[in-house]
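Just below is one structure, and these are the notes that go with it.
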Amino acid sequence: MYKQIKATAASGRARPQALALFVTKDAAVPPPGTRSLDRAFAGQLSRVMQRPEFDAGTGQCTTIYPANGEAPAERLVLVGIGPREAISTRGVCLAAAALARHLAAAKLTNVRVEFGEALTAAMTPAHLGACLAHGMTSAVFTFDRFQGAAGRENRKALPTLTVRVPSTAHDAAAAGLIAGTAANHARELAATPPNVATPPFLVTHCRQVARKVGLSCKVIDAKRAARLGMGGLLAVGQGGSKPPCMIVLEWEGAKGKPRRATGASSRTQGQADPILLVGKAITFDTGGYSLKVGGTMKGMKYDKCGGTAVIGIMEAIAQLGVSQRVVALIACAENMIDTNAFRVDDIITLCNGVTVEVTNTDAEGRLVLADALAYGTRMYRPKAVFDLATLTGGVVVALGNHMAGAWCTDDALWHRVEKAAAMTGERAWRMPLDQSYRDMMKASHADLHNSAPVRAAHPIQGAAFLSHFVGEQAPRQMPTIPWCHLDIAGTATSDESNALHDKGPTGYGVRLLAELIRRW
Ligand code: BES
Ligand code: MN
Ligand code: ZN
């Protein structure tokens, strides 16, 4: 597979190894606007499309070799996109992914892309560039770091694939490649096994990323967390083989861009109100003493995917040079069984003074997130807050792998999420949250319990619990601060392989939020 993909604007005259043309299933022959191309390929385009076996289903690639050396490319690749009336973001991403796999199989290193009349009529050039980048980067992800002596023969990595795109799509494609590459780094980190990817490993990783892209990286270690009263983070991590911690990544906003000064907090004097990102990074979730049984523990290395996505988002926005100031908190802990592990019936105090009776040690994500949300909203006075977490199995039951569950306190913020979702194809479905759900989380011997005795509305219980920790007026009122909780338990991984991704981590959230923040 390719190590890297680069976009260039289609102006050069150099003859590419391949010219890729997207065609719909019901296209005229030759498709509108391709008469001269058809002529350049001596009518082959028309002849091939008229063959009974020709298939323009989504992602079907057909190669045409010119009979002479005059043609504008060494080969023409027709990339199927399905019926015209069913064109979608996901469809274009899938077709682009299939194209990347097709080019890799032929060991090609450069391609010129023509979106064709149907796609150009259906979507803006920026949208097409984003989809192309999304599909291609997603398809080239492989995780072979742990292939050992008995593993598959080493597949030779191809160097760089250079993709020439129409100039109107270039900037969006370049931005999409940055986000897609960061998403692949997030997938790599997510797939790293739990005996390697411990909380201290995530710290080392974040320091490296920060140095490389120009973020600041600070770490609240367990000792500091204790002084700050982060009883949730510490309780969850106290049975782990390595201590828990909170990683703080910060992007100041691109220099030279105007910044709005606020006097709201002495700590943020002279700095703009940031966007706050919070990620759940449980490096392994055994369930603790509320043990995961019956095979449900398998794959719980992926319980850090909220955190790995947040790291990927920070990497992307730094490389994109976004103007916004962004602060990220990654709550890292291992949820294990140990003589020191926290128990059911424990009562703990979180950093905003709220007490929690632990009714289920497997509802650990909300405990580490609650400390991060309470600390982050007080410390940084953000103008918007996002948290990403593989929080509940219930959201997988409700929405499957196709959409994340979303809870959002602000319609304008939700509108931004919907726009970024439409651009990237990383989708989310908004769910309800009000006082009646918040009341479900009230306990008799403490302010809250981390899991209600009933399984009803499980994913909403998680959101309702978190709502007691967001913003200055928490826990008394529903948060008024624009806050969006994304439960990515279903979307963070895929259990089927398709052109876009093999089984395993998807990097969900990196593209969505990199796009959202880029457009802020
Ligand atoms: N990490 C899990 C959620 C999860 C389940 C993610 C399946 C991915 C796939 C989370 O910590 C958890 O165990 N949630 C419990 C909550 C319950 C005990 C309140 C759940 O969903 O069952
Ligand atoms: Mn759990
Ligand atoms: Zn978990």
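Each chain in the structure tokens gets a letter, A, B, ..., in the order shown, and its residues are numbered from 1; ligands are numbered from 1 in order too.
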Practice task
Any chance you could list, as a ChimeraX atom specification, the residues in segment 113-322 of chain A that come up strand (DSSP E or B) when DSSP is run on the backbone?
Solution key: /A:113-114,158-165,216-220,245-251,275-285
Please produce a file of those selected residues containing N, CA, C and O atoms, as a CSV table (one decimal), in the first residue's frame.
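Result file follows (out16.csv):
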chain,number,residue,atom,x,y,z
A,113,VAL,N,-7.3,12.8,-11.9
A,113,VAL,CA,-8.7,12.5,-11.7
A,113,VAL,C,-9.6,13.5,-12.4
A,113,VAL,O,-9.4,14.7,-12.3
A,114,GLU,N,-10.6,12.9,-13.1
A,114,GLU,CA,-11.7,13.7,-13.7
A,114,GLU,C,-13.0,13.3,-13.0
A,114,GLU,O,-13.3,12.1,-13.1
A,158,LEU,N,4.4,0.9,-1.3
A,158,LEU,CA,4.7,1.8,-2.4
A,158,LEU,C,5.0,3.1,-1.8
A,158,LEU,O,4.5,3.4,-0.8
A,159,PRO,N,5.8,3.9,-2.5
A,159,PRO,CA,6.1,5.2,-1.9
A,159,PRO,C,4.9,6.2,-1.9
A,159,PRO,O,4.1,6.0,-1.0
A,160,THR,N,4.9,7.1,-2.8
A,160,THR,CA,3.8,8.1,-2.7
A,160,THR,C,2.9,8.0,-4.0
A,160,THR,O,3.4,7.8,-5.1
A,161,LEU,N,1.6,8.2,-3.7
A,161,LEU,CA,0.7,8.3,-4.9
A,161,LEU,C,0.4,9.8,-5.1
A,161,LEU,O,0.0,10.5,-4.1
A,162,THR,N,0.7,10.3,-6.3
A,162,THR,CA,0.4,11.7,-6.6
A,162,THR,C,-0.9,11.8,-7.3
A,162,THR,O,-1.1,11.1,-8.4
A,163,VAL,N,-1.8,12.5,-6.8
A,163,VAL,CA,-3.2,12.6,-7.4
A,163,VAL,C,-3.4,14.0,-8.0
A,163,VAL,O,-3.3,15.0,-7.2
A,164,ARG,N,-3.5,14.1,-9.3
A,164,ARG,CA,-3.8,15.4,-9.9
A,164,ARG,C,-5.2,15.6,-10.0
A,164,ARG,O,-6.0,14.8,-10.5
A,165,VAL,N,-5.7,16.7,-9.4
A,165,VAL,CA,-7.2,17.0,-9.3
A,165,VAL,C,-7.5,18.3,-10.0
A,165,VAL,O,-6.6,19.1,-10.1
A,216,SER,N,1.3,22.5,22.0
A,216,SER,CA,1.9,22.3,23.3
A,216,SER,C,1.3,21.1,23.9
A,216,SER,O,0.1,20.7,23.7
A,217,CYS,N,2.1,20.4,24.7
A,217,CYS,CA,1.6,19.1,25.4
A,217,CYS,C,2.0,19.2,26.8
A,217,CYS,O,3.2,19.3,27.2
A,218,LYS,N,1.0,19.1,27.7
A,218,LYS,CA,1.3,19.0,29.1
A,218,LYS,C,0.6,17.8,29.7
A,218,LYS,O,-0.4,17.4,29.1
A,219,VAL,N,1.1,17.3,30.8
A,219,VAL,CA,0.4,16.1,31.3
A,219,VAL,C,0.1,16.3,32.8
A,219,VAL,O,0.9,16.7,33.6
A,220,ILE,N,-1.2,16.0,33.1
A,220,ILE,CA,-1.6,16.0,34.5
A,220,ILE,C,-1.4,14.6,35.0
A,220,ILE,O,-2.2,13.7,34.6
A,245,CYS,N,-3.7,9.2,33.7
A,245,CYS,CA,-3.3,10.6,33.6
A,245,CYS,C,-4.2,11.4,32.6
A,245,CYS,O,-5.1,10.7,32.0
A,246,MET,N,-4.1,12.7,32.6
A,246,MET,CA,-4.9,13.5,31.7
A,246,MET,C,-3.9,14.3,30.8
A,246,MET,O,-3.0,15.0,31.3
A,247,ILE,N,-4.0,14.1,29.5
A,247,ILE,CA,-3.0,14.7,28.6
A,247,ILE,C,-3.7,16.0,28.1
A,247,ILE,O,-4.9,16.0,27.7
A,248,VAL,N,-3.0,17.1,28.1
A,248,VAL,CA,-3.5,18.4,27.6
A,248,VAL,C,-2.7,18.8,26.4
A,248,VAL,O,-1.5,19.1,26.5
A,249,LEU,N,-3.4,18.8,25.3
A,249,LEU,CA,-2.8,19.3,24.0
A,249,LEU,C,-3.4,20.7,23.7
A,249,LEU,O,-4.6,20.9,23.9
A,250,GLU,N,-2.6,21.6,23.3
A,250,GLU,CA,-3.2,22.9,23.0
A,250,GLU,C,-2.6,23.5,21.7
A,250,GLU,O,-1.4,23.4,21.4
A,251,TRP,N,-3.6,24.0,20.9
A,251,TRP,CA,-3.2,24.7,19.6
A,251,TRP,C,-3.6,26.2,19.8
A,251,TRP,O,-4.8,26.5,20.1
A,275,ILE,N,-12.1,26.3,21.6
A,275,ILE,CA,-12.9,25.1,21.5
A,275,ILE,C,-12.3,24.0,22.4
A,275,ILE,O,-11.1,23.8,22.3
A,276,LEU,N,-13.1,23.3,23.2
A,276,LEU,CA,-12.5,22.3,24.0
A,276,LEU,C,-12.9,20.9,23.5
A,276,LEU,O,-14.1,20.7,23.2
A,277,LEU,N,-11.9,20.0,23.3
A,277,LEU,CA,-12.2,18.7,22.9
A,277,LEU,C,-11.8,17.7,24.1
A,277,LEU,O,-10.7,17.9,24.7
A,278,VAL,N,-12.7,16.8,24.4
A,278,VAL,CA,-12.4,15.8,25.4
A,278,VAL,C,-12.5,14.4,24.8
A,278,VAL,O,-13.5,14.1,24.1
A,279,GLY,N,-11.5,13.6,25.1
A,279,GLY,CA,-11.6,12.2,24.6
A,279,GLY,C,-11.4,11.1,25.7
A,279,GLY,O,-10.6,11.3,26.6
A,280,LYS,N,-12.2,10.1,25.6
A,280,LYS,CA,-12.1,8.9,26.5
A,280,LYS,C,-11.0,8.0,25.9
A,280,LYS,O,-11.1,7.5,24.8
A,281,ALA,N,-10.0,7.8,26.7
A,281,ALA,CA,-8.9,6.9,26.3
A,281,ALA,C,-8.7,5.8,27.4
A,281,ALA,O,-7.8,5.9,28.2
A,282,ILE,N,-9.7,4.9,27.5
A,282,ILE,CA,-9.5,3.7,28.3
A,282,ILE,C,-8.7,2.7,27.5
A,282,ILE,O,-9.2,2.2,26.5
A,283,THR,N,-7.4,2.5,27.9
A,283,THR,CA,-6.5,1.7,27.0
A,283,THR,C,-6.9,0.3,27.0
A,283,THR,O,-6.6,-0.4,26.1
A,284,PHE,N,-7.6,-0.2,28.1
A,284,PHE,CA,-8.3,-1.5,28.0
A,284,PHE,C,-9.4,-1.5,29.0
A,284,PHE,O,-9.2,-1.0,30.2
A,285,ASP,N,-10.6,-2.0,28.6
A,285,ASP,CA,-11.7,-2.0,29.5
A,285,ASP,C,-12.2,-3.4,29.8
A,285,ASP,O,-12.9,-4.0,29.0
Handout entry: Surrounding residues as an MDAnalysis selection string, ligand 2, max 12 Å, only C-alpha atoms and all ligand atoms
Key = chainID A and resid 236 280:293 296:297 299:304 333:336 360:368 389:394 450:451 462 489
Practice task
Select from segment 179-402 of chain A everything DSSP, run on the backbone, classes as helix (DSSP H, G or I), then give the selection as an MDAnalysis selection string.
Solution key: chainID A and resid 179:191 199:213 222:227 231:237 266:268 300:320 365:380 393:399
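One finds atom CA of Leu234 of chain A at 13.8 Å from atom CA of Thr355 of chain A.
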Practice task
Do a neighbour search on Asp38 of chain A at 10 Å with only C-alpha atoms, toss out local chain neighbours closer than 6 positions, and write the hits as a ChimeraX atom specification.
Solution key: /A:29-31,44-47,71
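Distances from A:Ile64, A:Leu215, A:Ala100, A:Met314 to His185 of chain A were compared using only C-alpha atoms, and the smallest one belongs to A:Met314.
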